[in-house]
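A.B. asks: Structure incoming, see below.
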Amino acid sequence: MNYVGVDIGGTNIRAGVVNEGGDILAMDSISTLRDRCCEAIVKDLVDLVCRVVKSADMEFDDLEYIGVGLPGSINRKEGILIFANNFGFRDVPLARLIQEHINLPVYLQNDANCAALAESVAGAAKDVSSSITITLGTGIGGGIVLGGEIYSGFNDVAGELGHMVIVSGGETCSCGRKGCWEAYASATALIRQTKRAALKNPDSLLNLTFGGEGNDRDAGKVFEAEAEGCDVAARVVKNYIHYLAEGITDLINIFSPELLVVGGGISQQGENLLSRLRPVVEAGIYYKGRPHTEIVKARLGGEAGIVGAAMIGA
C-alpha cells in the first residue's frame, strides 16, 4: 500500500509518496507563503501532490489516502484545522478543501505528532511500543506514542509538551504563560540565552562567534564557541542542558517510555549534547532501577514530517 504525506510548515510545504514501510518513493516541496489565504495555499498544495504522484509513476487510484501534518490544533474526525498560530487560520475545513480537488480520503494530524509517529514506524523508535519524540526548533514540539499509536487525548490536542512550566513566573512564552519549557529549551530560547551572554561579555569568543545579534544565527554557534574553549559559551550550554533535562525528566517520570527521541535542529549536536544530557536526567528521574528510558537522537530528520503524515491513516 502507498500513501501521500504532506508536511505543512511556516516556510515550506513538502509532500511525498510513501510506502507502508515508511520509504519515500518520490518527494518535492514548495514555498508556503503563509500570509496568503488558505484557498491559495490549498491550490498550491494540491498541485504539489499531483506532481509527486506523477513523479512516483502512479495514479491516485494507486493510493490509499492523503495525510497532512501541520502546526496547530485540529479536529481529526471532522478534518478541520481549528487554529494554527503561525498562519492565523481558524476553523478551516482543510480536508474538505483538498478533497474538492482530489478524490481521496484526507486525514489531518499535528506536525509534532507526525514526527513522533514517523520515528516509531521507520526511525529511532521503530522497535519499541512506547516512545516520546521531542523536536527542538522554533518551539518545542512533542508526540507521545503508546502501544504503537499516537496519544492525542479526547479532543486531539494532547502532546503540547513544550507548554509545561519548569520555572514558575519565568520567561514569557508565546502561549502567554510564564516559565514554559519551550521558553527555556527550544532553539529560539538557546539563541536568546546565547545573545544575552554574548552582549554581557563583549570580549568573549562567544561574542565574536555569535556577532552579538542572534536572531538570524544558528543555535549551534554556542556549541562552536564552547568547542573553541570559550568559558562563557560553556556556561550557556550547561544552563541549556539543565533546562532541557528538567522537561525530559518530567516526561519520563510521567510516562516512562522505552525511548525518548530528540529531534529538531539542536539534535544535530548528537552525542555532544546527549552524552551530557543523559546523566543530568538520570540524576533527576524518580525510578532509579533498570531498565529505564533511553535517550536517543532522531533518525529521520527533515523527512519525518512526510513519513509521519503518510502513516496517520494506516
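Chain labels follow the order of the C-alpha cells: the first chain is A, the next B, and so on; residue numbering restarts at 1 in every chain, and ligands are counted from 1 in their shown order.
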Applying 10 Å and only C-alpha atoms, which residues near His163 (chain A) remain after dropping the ones on its own chain fewer than 2 positions away? List them as a list of chain:residue names.

C.D. replies: A:Gly139, A:Ile140, A:Gly141, A:Gly159, A:Glu160, A:Leu161, A:Val165, A:Ile166, A:Cys173, A:Ser174, A:Cys175, A:Gly176, A:Arg177, A:Lys178, A:Gly179, A:Cys180, A:Trp181, A:Glu182, A:Ala183, A:Gly247

A.B. asks: Taking only residues of region 69-94 of chain A that have an atom at most 8 Å from an atom of region 148-157 of chain A, what is each one's shortest atom pair and its distance in Å to one decimal, using only C-alpha atoms, in chain and number order, as CSV?

C.D. replies:
residue,atom,partner,partner_atom,distance
A:Ser73,CA,A:Val157,CA,6.0
A:Ile74,CA,A:Asp156,CA,6.6
A:Asn75,CA,A:Asp156,CA,6.4
A:Arg76,CA,A:Asp156,CA,6.9

A.B. asks: Provide the CA of Ala185 (chain A) to CA of Leu251 (chain A) distance in Å, to one decimal place.

C.D. replies: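 A separation of 14.1 Å between them.
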
A.B. asks: Near Arg90 (chain A), within 9 Å and counting only C-alpha atoms, which residues show up once chain neighbours fewer than 5 positions away are dropped, as an MDAnalysis selection string?

C.D. replies: chainID A and resid 80:85

A.B. asks: I need the chosen residues saved as a PDB file, in the first residue's frame, with all heavy atoms.

C.D. replies:
ATOM      1  N   ILE A  80     -10.876  19.282  10.345  1.00  0.00           N
ATOM      2  CA  ILE A  80     -10.853  20.741  10.461  1.00  0.00           C
ATOM      3  C   ILE A  80      -9.586  21.205  11.178  1.00  0.00           C
ATOM      4  O   ILE A  80      -9.213  20.656  12.217  1.00  0.00           O
ATOM      5  CB  ILE A  80     -12.096  21.234  11.222  1.00  0.00           C
ATOM      6  CG1 ILE A  80     -13.363  20.924  10.419  1.00  0.00           C
ATOM      7  CG2 ILE A  80     -11.996  22.736  11.509  1.00  0.00           C
ATOM      8  CD1 ILE A  80     -14.636  21.210  11.178  1.00  0.00           C
ATOM      9  N   LEU A  81      -8.932  22.199  10.613  1.00  0.00           N
ATOM     10  CA  LEU A  81      -7.855  22.897  11.302  1.00  0.00           C
ATOM     11  C   LEU A  81      -8.503  23.941  12.196  1.00  0.00           C
ATOM     12  O   LEU A  81      -9.062  24.934  11.716  1.00  0.00           O
ATOM     13  CB  LEU A  81      -6.916  23.553  10.293  1.00  0.00           C
ATOM     14  CG  LEU A  81      -5.856  24.510  10.853  1.00  0.00           C
ATOM     15  CD1 LEU A  81      -4.935  23.790  11.832  1.00  0.00           C
ATOM     16  CD2 LEU A  81      -5.056  25.145   9.725  1.00  0.00           C
ATOM     17  N   ILE A  82      -8.481  23.697  13.503  1.00  0.00           N
ATOM     18  CA  ILE A  82      -9.167  24.589  14.440  1.00  0.00           C
ATOM     19  C   ILE A  82      -8.428  25.913  14.568  1.00  0.00           C
ATOM     20  O   ILE A  82      -9.018  26.990  14.484  1.00  0.00           O
ATOM     21  CB  ILE A  82      -9.302  23.918  15.816  1.00  0.00           C
ATOM     22  CG1 ILE A  82     -10.151  22.642  15.685  1.00  0.00           C
ATOM     23  CG2 ILE A  82      -9.941  24.875  16.819  1.00  0.00           C
ATOM     24  CD1 ILE A  82     -10.168  21.801  16.944  1.00  0.00           C
ATOM     25  N   PHE A  83      -7.110  25.811  14.761  1.00  0.00           N
ATOM     26  CA  PHE A  83      -6.321  27.031  14.901  1.00  0.00           C
ATOM     27  C   PHE A  83      -4.858  26.732  14.641  1.00  0.00           C
ATOM     28  O   PHE A  83      -4.335  25.728  15.120  1.00  0.00           O
ATOM     29  CB  PHE A  83      -6.471  27.619  16.309  1.00  0.00           C
ATOM     30  CG  PHE A  83      -5.628  28.851  16.540  1.00  0.00           C
ATOM     31  CD1 PHE A  83      -5.861  30.009  15.830  1.00  0.00           C
ATOM     32  CD2 PHE A  83      -4.593  28.844  17.459  1.00  0.00           C
ATOM     33  CE1 PHE A  83      -5.084  31.140  16.025  1.00  0.00           C
ATOM     34  CE2 PHE A  83      -3.809  29.970  17.674  1.00  0.00           C
ATOM     35  CZ  PHE A  83      -4.065  31.117  16.952  1.00  0.00           C
ATOM     36  N   ALA A  84      -4.215  27.581  13.847  1.00  0.00           N
ATOM     37  CA  ALA A  84      -2.778  27.489  13.607  1.00  0.00           C
ATOM     38  C   ALA A  84      -2.180  28.870  13.836  1.00  0.00           C
ATOM     39  O   ALA A  84      -2.411  29.800  13.043  1.00  0.00           O
ATOM     40  CB  ALA A  84      -2.482  27.012  12.186  1.00  0.00           C
ATOM     41  N   ASN A  85      -1.432  28.999  14.920  1.00  0.00           N
ATOM     42  CA  ASN A  85      -0.899  30.290  15.325  1.00  0.00           C
ATOM     43  C   ASN A  85      -0.002  30.899  14.251  1.00  0.00           C
ATOM     44  O   ASN A  85      -0.039  32.102  14.006  1.00  0.00           O
ATOM     45  CB  ASN A  85      -0.123  30.137  16.636  1.00  0.00           C
ATOM     46  CG  ASN A  85       0.391  31.463  17.161  1.00  0.00           C
ATOM     47  OD1 ASN A  85      -0.396  32.377  17.372  1.00  0.00           O
ATOM     48  ND2 ASN A  85       1.688  31.570  17.357  1.00  0.00           N
TER      49      ASN A  85
END

A.B. asks: Kindly indicate which residue among A:Val262, A:Ala298, A:Cys37, A:Val17 lies nearest to Lys54 (chain A), using only C-alpha atoms for the distances.

C.D. replies: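 Nearest candidate to Lys54 (chain A) out of A:Val262, A:Ala298, A:Cys37, A:Val17: A:Val17.
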
A.B. asks: Residues near region 59-69 of chain A, anyone? I mean within 9 Å using only C-alpha atoms, not counting same-chain ones fewer than 4 positions away, as a count of residues only.

C.D. replies: 39

A.B. asks: Using DSSP on the backbone coordinates, identify the residues of region 111-267 of chain A assigned to helix (DSSP H, G or I); present them as a VMD selection string.

C.D. replies: chain A and resid 111 to 122 161 to 163 182 to 185 187 to 200 205 to 210 221 to 227 231 to 255 265 to 267

A.B. asks: Write out as a PDB file with C-alpha atoms, in the first residue's frame all residues of region 41-225 of chain A that backbone DSSP assigns to strand (DSSP E).

C.D. replies:
ATOM      1  CA  ILE A  66      -3.556  11.713   1.844  1.00  0.00           C
ATOM      2  CA  GLY A  67      -2.191  12.508   5.307  1.00  0.00           C
ATOM      3  CA  VAL A  68      -1.462  16.113   6.225  1.00  0.00           C
ATOM      4  CA  GLY A  69       0.699  17.217   9.149  1.00  0.00           C
ATOM      5  CA  LEU A  70       0.602  20.844  10.199  1.00  0.00           C
ATOM      6  CA  SER A  73      -4.891  22.291  16.819  1.00  0.00           C
ATOM      7  CA  ILE A  74      -7.088  20.036  14.731  1.00  0.00           C
ATOM      8  CA  ASN A  75     -10.357  18.144  14.787  1.00  0.00           C
ATOM      9  CA  ILE A  80     -10.853  20.741  10.461  1.00  0.00           C
ATOM     10  CA  LEU A  81      -7.855  22.897  11.302  1.00  0.00           C
ATOM     11  CA  ILE A  82      -9.167  24.589  14.440  1.00  0.00           C
ATOM     12  CA  PHE A  83      -6.321  27.031  14.901  1.00  0.00           C
ATOM     13  CA  ALA A  84      -2.778  27.489  13.607  1.00  0.00           C
ATOM     14  CA  PHE A  89      -6.243  30.319  10.431  1.00  0.00           C
ATOM     15  CA  ARG A  90      -9.305  29.340  12.433  1.00  0.00           C
ATOM     16  CA  ASP A  91     -11.842  26.599  11.749  1.00  0.00           C
ATOM     17  CA  VAL A  92     -10.603  25.782   8.251  1.00  0.00           C
ATOM     18  CA  VAL A 106      -7.742  13.115   3.746  1.00  0.00           C
ATOM     19  CA  TYR A 107      -6.541  12.849   7.346  1.00  0.00           C
ATOM     20  CA  LEU A 108      -5.055  15.625   9.483  1.00  0.00           C
ATOM     21  CA  GLN A 109      -2.621  15.457  12.381  1.00  0.00           C
ATOM     22  CA  ASN A 110      -0.435  17.842  14.362  1.00  0.00           C
ATOM     23  CA  SER A 130       6.182   3.316  23.672  1.00  0.00           C
ATOM     24  CA  SER A 131       8.177   6.428  22.878  1.00  0.00           C
ATOM     25  CA  ILE A 132       8.122  10.179  23.143  1.00  0.00           C
ATOM     26  CA  THR A 133       9.655  12.346  20.435  1.00  0.00           C
ATOM     27  CA  ILE A 134      10.518  15.989  21.061  1.00  0.00           C
ATOM     28  CA  THR A 135      11.599  18.455  18.400  1.00  0.00           C
ATOM     29  CA  LEU A 136      13.814  21.340  19.455  1.00  0.00           C
ATOM     30  CA  ILE A 140       9.313  22.533  21.346  1.00  0.00           C
ATOM     31  CA  GLY A 141       7.058  20.074  19.588  1.00  0.00           C
ATOM     32  CA  GLY A 142       6.216  16.720  21.066  1.00  0.00           C
ATOM     33  CA  GLY A 143       4.441  13.496  20.299  1.00  0.00           C
ATOM     34  CA  ILE A 144       3.560  10.574  22.554  1.00  0.00           C
ATOM     35  CA  VAL A 145       3.326   7.063  21.106  1.00  0.00           C
ATOM     36  CA  LEU A 146       1.737   4.420  23.333  1.00  0.00           C
ATOM     37  CA  GLU A 149      -0.380   4.731  18.376  1.00  0.00           C
ATOM     38  CA  ILE A 150      -0.278   8.485  18.867  1.00  0.00           C
TER      39      ILE A 150
END

A.B. asks: Could you give me, as a list in words, the residues within 10 Å of His101 (chain A), counting only C-alpha atoms and dropping anything in the same chain fewer than 3 positions from it?

C.D. replies: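 Here the answer would be Val42, Lys43, Val46, Asp47, Arg96, Leu97, Ile98 and Leu104 of chain A.
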
A.B. asks: Suppose we keep C-alpha atoms; can you now write the selection as an mmCIF file, in the first residue's frame?

C.D. replies:
data_model
loop_
_atom_site.group_PDB
_atom_site.id
_atom_site.type_symbol
_atom_site.label_atom_id
_atom_site.label_comp_id
_atom_site.auth_asym_id
_atom_site.auth_seq_id
_atom_site.Cartn_x
_atom_site.Cartn_y
_atom_site.Cartn_z
ATOM 1 C CA VAL A 42 -4.537 24.612 -0.723
ATOM 2 C CA LYS A 43 -4.332 25.114 -4.500
ATOM 3 C CA VAL A 46 -2.880 20.129 -4.479
ATOM 4 C CA ASP A 47 -0.581 20.961 -7.402
ATOM 5 C CA ARG A 96 -12.791 19.032 2.507
ATOM 6 C CA LEU A 97 -10.914 21.761 0.621
ATOM 7 C CA ILE A 98 -8.326 19.227 -0.524
ATOM 8 C CA LEU A 104 -9.117 10.507 -1.777
#

A.B. asks: To one decimal place, how far is CA of Lys238 (chain A) from CA of Glu119 (chain A) in Å?

C.D. replies: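 Between these atoms lies a distance of 27.6 Å.
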
A.B. asks: What's the separation between CA of Lys221 (chain A) and CA of Gly301 (chain A), in Å to one decimal place?

C.D. replies: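 Going from CA of Lys221 (chain A) over to CA of Gly301 (chain A), I get 19.7 Å.
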
A.B. asks: Which residue out of A:Thr194, A:Asn253, A:Thr32, A:Thr138 has the minimum interatomic distance to Arg235 (chain A) when only C-alpha atoms are used?

C.D. replies: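 Checking each of A:Thr194, A:Asn253, A:Thr32, A:Thr138 against Arg235 (chain A), counting only C-alpha atoms, the winner is A:Thr194.
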
A.B. asks: Restricting the calculation to only C-alpha atoms, which member of A:Val167, A:Leu45, A:Leu25, A:Ile295 is positioned closest to Leu259 (chain A)?

C.D. replies: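 The answer is A:Ile295, which sits nearest to Leu259 (chain A).
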
A.B. asks: Which residue, A:Tyr240, A:Phe87, A:Phe210, A:Phe223, has the smallest gap to Pro71 (chain A) when you use only C-alpha atoms?

C.D. replies: A:Phe87
